[in-house]
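Quick notes on the structure that follows.
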Amino acid sequence: MAFKDYRDPLYGFISVDECEQRIIDSFPFQRLRGIKQLGTTFLVYPTANHTRFEHSLGTLEISTRLFDTLLSREEHREILGWDVVTAAQYRKLLRYAALLHDIGHAPFSHAAETLFPDNMDHEDYTYNIIVDTGIGKDIIDKDVGEGKRVTVAEIATGTAKTRDDAFIAELLTGDFGSDRLDYLMRDSYHLGVSYGKFDTQRLLNTLEIRYNEEKGGPELAIEDGGVHSVEGFLLARYFMFLEVYYHKTRRILDTHLTEFLESLYDKGYPSRIECFLQLSDHGVLKSLLEREEEESAKRVISREHFRLAFETTDHPKPEEITLFDWLREKVVDKFGKEIVRFDTAAKAPYNFEQPPILVSWRKRYYSLKDRSPLIANLKKIQKMRIYARKDYREEVSEFCEDFWHTKGRGA
């Protein structure tokens, strides 16, 4: 029985139990209200003000729907080999992991992740917050068993060790995991764009569980009737990266914000969890206003950001990547490091280097790319850009265009 319901624009209501509500009420989780889901994107898309808080609640909801849909089929329950008690426990572990999967994000989400100490990232902080604070010790362990906070942390960060734990982690963090499902739908909704829309229910209904003999465990696959919904999902992700996440202005604002954060936290983010949890977007915005005369602050809050001077296509050829590296050197030689900034935005909508997503067709399994020519032809996004200070933009742009066409023809 639900302890509390939250209204949500995507799902109607999201229900939580008493232990989940205790986590939501905790300071580390409430802090997520002050971490924007899309960093500086609100300076480009005015309505991009949603936070990691509602995304975490949404991921809990879509994770549960995915789990329940899969286990509603008897053949899936047989493959997993779980009894009723085991299934109920894994459902609870997945819900905890989904709720907490973003608990370790720094201010403005992915901006300035170079400030994490000792080659750590937000997932390391997520793991430590779950394992080392009262969330894990006083709530999760007391609800589902001693030491289960470690299992939840491993599922939340995609580092699960056992066969069944790894399968649950795949439901959350995999190619068609609930994290991606929610953020695409939620970002699209809040920004007012259509790129991130896809047939969610059809995708959930056509996912299936198969037993992988090679790895000796269950994994997700797709019914052939769901290929088009998967295509819709991957295309939604592809266009959201091109049009939103890799938007030219958003990327340079992230660069300037990173420069400001590097000066604000010159020794990096604190490694002590209790100190790290004091950081939020609100604190950074306050510091930006207090130090508004500094160049890096001014570029963000006064929109005196560098302007785009040159960019490659979305999918540059290998020789063009080499040419861009050469151009980059020449631009620095001519204009100096203070006048220009460089950015490379790279993402594959579907990772062909990982074990393939399999599609069941005529009682056999085939690679997704073999059943979908569209997906087989999706290319990795690798957008490379050169920005220049506003008063140098035209000069830098003209230099880049001349170099690119002259040297490109020569190559």
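In the structure tokens, the first chain shown is A, the next is B, and so on; residue numbers restart at 1 for each chain, and ligands run from 1 in the order shown.
For Ser372 (chain A), the non-local neighbours within 9 Å, defined as residues at least 6 positions apart in the same chain or in other chains and counting only C-alpha atoms, are A:Val227, A:His228, A:Glu231.
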Exercise for the section: For Thr151 (chain A), please output as a PyMOL selection string all residues within 9 Å (counting only C-alpha atoms; exclusion window: fewer than 3 positions along the same chain). Expected result: chain A and resi 93+97+147-148+154-156+160-161+165
Practice task
Go through region 157-378 of chain A and collect every residue that DSSP, computed from the backbone, puts in helix (DSSP H, G or I); the answer should be as a PyMOL selection string.
Solution key: chain A and resi 163-173+178-191+200-206+224-245+248-264+273-276+281-290+295-301+318-335+368-371+373-376
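If only C-alpha atoms are the atoms counted, then among A:Ala348, A:Leu115, A:Val193, A:Ile139 the closest residue to Ile375 (chain A) is A:Ala348.
Distance-wise, CA of Trp361 (chain A) and CA of Lys197 (chain A) end up 26.1 Å apart.
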Problem - Those of region 124-354 of chain A in DSSP strand (DSSP E), formatted as a PyMOL selection string - result: chain A and resi 207-212+217-223+307-311+340-347
Dump as an mmCIF file, in the first residue's frame, selection limited to N, CA and C atoms:
```
data_model
loop_
_atom_site.group_PDB
_atom_site.id
_atom_site.type_symbol
_atom_site.label_atom_id
_atom_site.label_comp_id
_atom_site.auth_asym_id
_atom_site.auth_seq_id
_atom_site.Cartn_x
_atom_site.Cartn_y
_atom_site.Cartn_z
ATOM 1 N N LEU A 207 9.790 -5.812 -24.691
ATOM 2 C CA LEU A 207 11.037 -6.312 -24.110
ATOM 3 C C LEU A 207 10.783 -7.692 -23.530
ATOM 4 N N GLU A 208 11.755 -8.555 -23.600
ATOM 5 C CA GLU A 208 11.618 -9.889 -23.050
ATOM 6 C C GLU A 208 12.904 -10.309 -22.347
ATOM 7 N N ILE A 209 12.806 -11.365 -21.580
ATOM 8 C CA ILE A 209 13.965 -11.919 -20.884
ATOM 9 C C ILE A 209 14.362 -13.218 -21.562
ATOM 10 N N ARG A 210 15.636 -13.333 -21.897
ATOM 11 C CA ARG A 210 16.164 -14.593 -22.437
ATOM 12 C C ARG A 210 17.313 -15.063 -21.564
ATOM 13 N N TYR A 211 17.566 -16.363 -21.619
ATOM 14 C CA TYR A 211 18.700 -16.914 -20.874
ATOM 15 C C TYR A 211 19.906 -16.965 -21.802
ATOM 16 N N ASN A 212 20.962 -16.284 -21.418
ATOM 17 C CA ASN A 212 22.192 -16.259 -22.208
ATOM 18 C C ASN A 212 23.085 -17.398 -21.755
ATOM 19 N N GLY A 217 23.300 -16.454 -17.554
ATOM 20 C CA GLY A 217 22.362 -15.630 -16.814
ATOM 21 C C GLY A 217 21.332 -14.974 -17.707
ATOM 22 N N PRO A 218 20.333 -14.331 -17.109
ATOM 23 C CA PRO A 218 19.275 -13.678 -17.890
ATOM 24 C C PRO A 218 19.745 -12.346 -18.464
ATOM 25 N N GLU A 219 19.118 -11.943 -19.567
ATOM 26 C CA GLU A 219 19.397 -10.637 -20.151
ATOM 27 C C GLU A 219 18.169 -10.167 -20.910
ATOM 28 N N LEU A 220 18.122 -8.878 -21.192
ATOM 29 C CA LEU A 220 17.013 -8.324 -21.954
ATOM 30 C C LEU A 220 17.185 -8.574 -23.441
ATOM 31 N N ALA A 221 16.087 -8.824 -24.106
ATOM 32 C CA ALA A 221 16.049 -8.907 -25.564
ATOM 33 C C ALA A 221 14.764 -8.220 -26.018
ATOM 34 N N ILE A 222 14.537 -8.224 -27.320
ATOM 35 C CA ILE A 222 13.390 -7.516 -27.888
ATOM 36 C C ILE A 222 12.624 -8.448 -28.806
ATOM 37 N N GLU A 223 11.307 -8.419 -28.695
ATOM 38 C CA GLU A 223 10.490 -9.121 -29.674
ATOM 39 C C GLU A 223 10.589 -8.399 -31.008
ATOM 40 N N ARG A 307 31.391 33.060 -28.864
ATOM 41 C CA ARG A 307 30.459 32.716 -29.936
ATOM 42 C C ARG A 307 31.056 31.659 -30.862
ATOM 43 N N LEU A 308 30.165 30.868 -31.453
ATOM 44 C CA LEU A 308 30.609 29.827 -32.378
ATOM 45 C C LEU A 308 31.262 30.457 -33.601
ATOM 46 N N ALA A 309 32.476 29.999 -33.901
ATOM 47 C CA ALA A 309 33.198 30.506 -35.069
ATOM 48 C C ALA A 309 33.327 29.453 -36.157
ATOM 49 N N PHE A 310 33.359 28.181 -35.749
ATOM 50 C CA PHE A 310 33.535 27.116 -36.734
ATOM 51 C C PHE A 310 33.078 25.799 -36.121
ATOM 52 N N GLU A 311 32.507 24.934 -36.961
ATOM 53 C CA GLU A 311 32.143 23.591 -36.502
ATOM 54 C C GLU A 311 32.199 22.613 -37.655
ATOM 55 N N VAL A 340 40.153 31.958 -27.840
ATOM 56 C CA VAL A 340 39.371 30.859 -28.401
ATOM 57 C C VAL A 340 39.136 29.760 -27.361
ATOM 58 N N ARG A 341 38.086 28.984 -27.607
ATOM 59 C CA ARG A 341 37.790 27.790 -26.832
ATOM 60 C C ARG A 341 37.423 26.677 -27.809
ATOM 61 N N PHE A 342 37.696 25.448 -27.411
ATOM 62 C CA PHE A 342 37.426 24.292 -28.271
ATOM 63 C C PHE A 342 36.497 23.326 -27.549
ATOM 64 N N ASP A 343 35.704 22.626 -28.340
ATOM 65 C CA ASP A 343 34.765 21.674 -27.741
ATOM 66 C C ASP A 343 34.577 20.487 -28.679
ATOM 67 N N THR A 344 34.603 19.305 -28.103
ATOM 68 C CA THR A 344 34.272 18.089 -28.842
ATOM 69 C C THR A 344 33.149 17.378 -28.111
ATOM 70 N N ALA A 345 32.032 17.194 -28.787
ATOM 71 C CA ALA A 345 30.872 16.518 -28.212
ATOM 72 C C ALA A 345 30.689 15.194 -28.948
ATOM 73 N N ALA A 346 30.881 14.089 -28.253
ATOM 74 C CA ALA A 346 30.842 12.783 -28.908
ATOM 75 C C ALA A 346 29.906 11.844 -28.159
ATOM 76 N N LYS A 347 29.060 11.148 -28.888
ATOM 77 C CA LYS A 347 28.150 10.175 -28.296
ATOM 78 C C LYS A 347 27.631 9.246 -29.383
#
```
Give me the region 20-102 of chain A side of the contact with region 263-278 of chain A, cut-off 12 Å, one line per residue showing its nearest atom pair and distance in Å at one decimal, counting only C-alpha atoms, sorted by chain and residue number, as a tab-separated table.
```
residue	atom	partner	partner_atom	distance
A:Ser26	CA	A:Leu277	CA	11.6
A:Phe27	CA	A:Leu277	CA	8.4
A:Pro28	CA	A:Leu277	CA	6.4
A:Phe29	CA	A:Leu277	CA	9.6
A:Gln30	CA	A:Leu277	CA	10.4
A:Arg31	CA	A:Leu277	CA	7.4
A:Leu32	CA	A:Leu277	CA	9.7
A:Gly34	CA	A:Gln278	CA	10.5
A:Ile35	CA	A:Leu277	CA	11.1
```
Practice task
Could you give me, as number ranges by chain, the residues within 9 Å of region 38-52 of chain A, counting only C-alpha atoms and dropping anything in the same chain fewer than 6 positions from it?
Solution key: A: 32, 102-103, 105, 107-111, 186-187, 190-192, 244-245, 247, 249-251, 253-254, 257, 281, 300, 303
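Minimum atom-to-atom distances from A:Leu261, A:Thr255, A:Lys337, A:Ile381 to His315 (chain A) were compared using only C-alpha atoms, and the lowest value belongs to A:Ile381.
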Exercise for the section: Show which residues sit within 10 Å of Phe176 (chain A), as an MDAnalysis selection string. Count only C-alpha atoms, and ignore same-chain residues fewer than 5 positions away. Expected result: chainID A and resid 170:171 181 203:204 207 220:221 230 233:234 357
Could you write those residues out with C-alpha atoms, as a PDB file, in the first residue's frame?
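Result file again_6.pdb:
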```pdb
ATOM      1  CA  GLU A 170      20.561  -3.675 -16.637  1.00  0.00           C
ATOM      2  CA  LEU A 171      16.916  -2.693 -16.120  1.00  0.00           C
ATOM      3  CA  LEU A 181      13.606   6.177 -20.598  1.00  0.00           C
ATOM      4  CA  LEU A 203       8.791  -0.617 -25.869  1.00  0.00           C
ATOM      5  CA  LEU A 204       8.043  -1.962 -22.370  1.00  0.00           C
ATOM      6  CA  LEU A 207      11.037  -6.312 -24.110  1.00  0.00           C
ATOM      7  CA  LEU A 220      17.013  -8.324 -21.954  1.00  0.00           C
ATOM      8  CA  ALA A 221      16.049  -8.907 -25.564  1.00  0.00           C
ATOM      9  CA  VAL A 230      13.330   0.657 -30.283  1.00  0.00           C
ATOM     10  CA  PHE A 233      13.717   5.373 -28.794  1.00  0.00           C
ATOM     11  CA  LEU A 234      17.227   5.454 -30.305  1.00  0.00           C
ATOM     12  CA  ILE A 357      20.982  -6.231 -28.220  1.00  0.00           C
TER      13      ILE A 357
END
```
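Residue nearest Gln21 (chain A) within the list A:Ile129, A:Met240, A:Leu235, A:Ile135: A:Ile135 [criterion: smallest interatomic distance, only C-alpha atoms].
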Problem - Using only C-alpha atoms: which of A:Leu289, A:Ile301, A:Leu10, A:Leu242 has the shortest distance to Gln382 (chain A) - result: A:Leu242
Practice task
Please identify all polymer residues within 12 Å of Leu327 (chain A), counting only C-alpha atoms, omitting same-chain residues fewer than 2 positions from it, and present them as a ChimeraX atom specification.
Solution key: /A:310-312,320-325,329-335,342,384-386,396-397,399-408
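Of the listed residues (A:Asp141, A:Asp124, A:Glu398, A:Asp164), A:Asp164 comes nearest to Ala87 (chain A); the distances count only C-alpha atoms.
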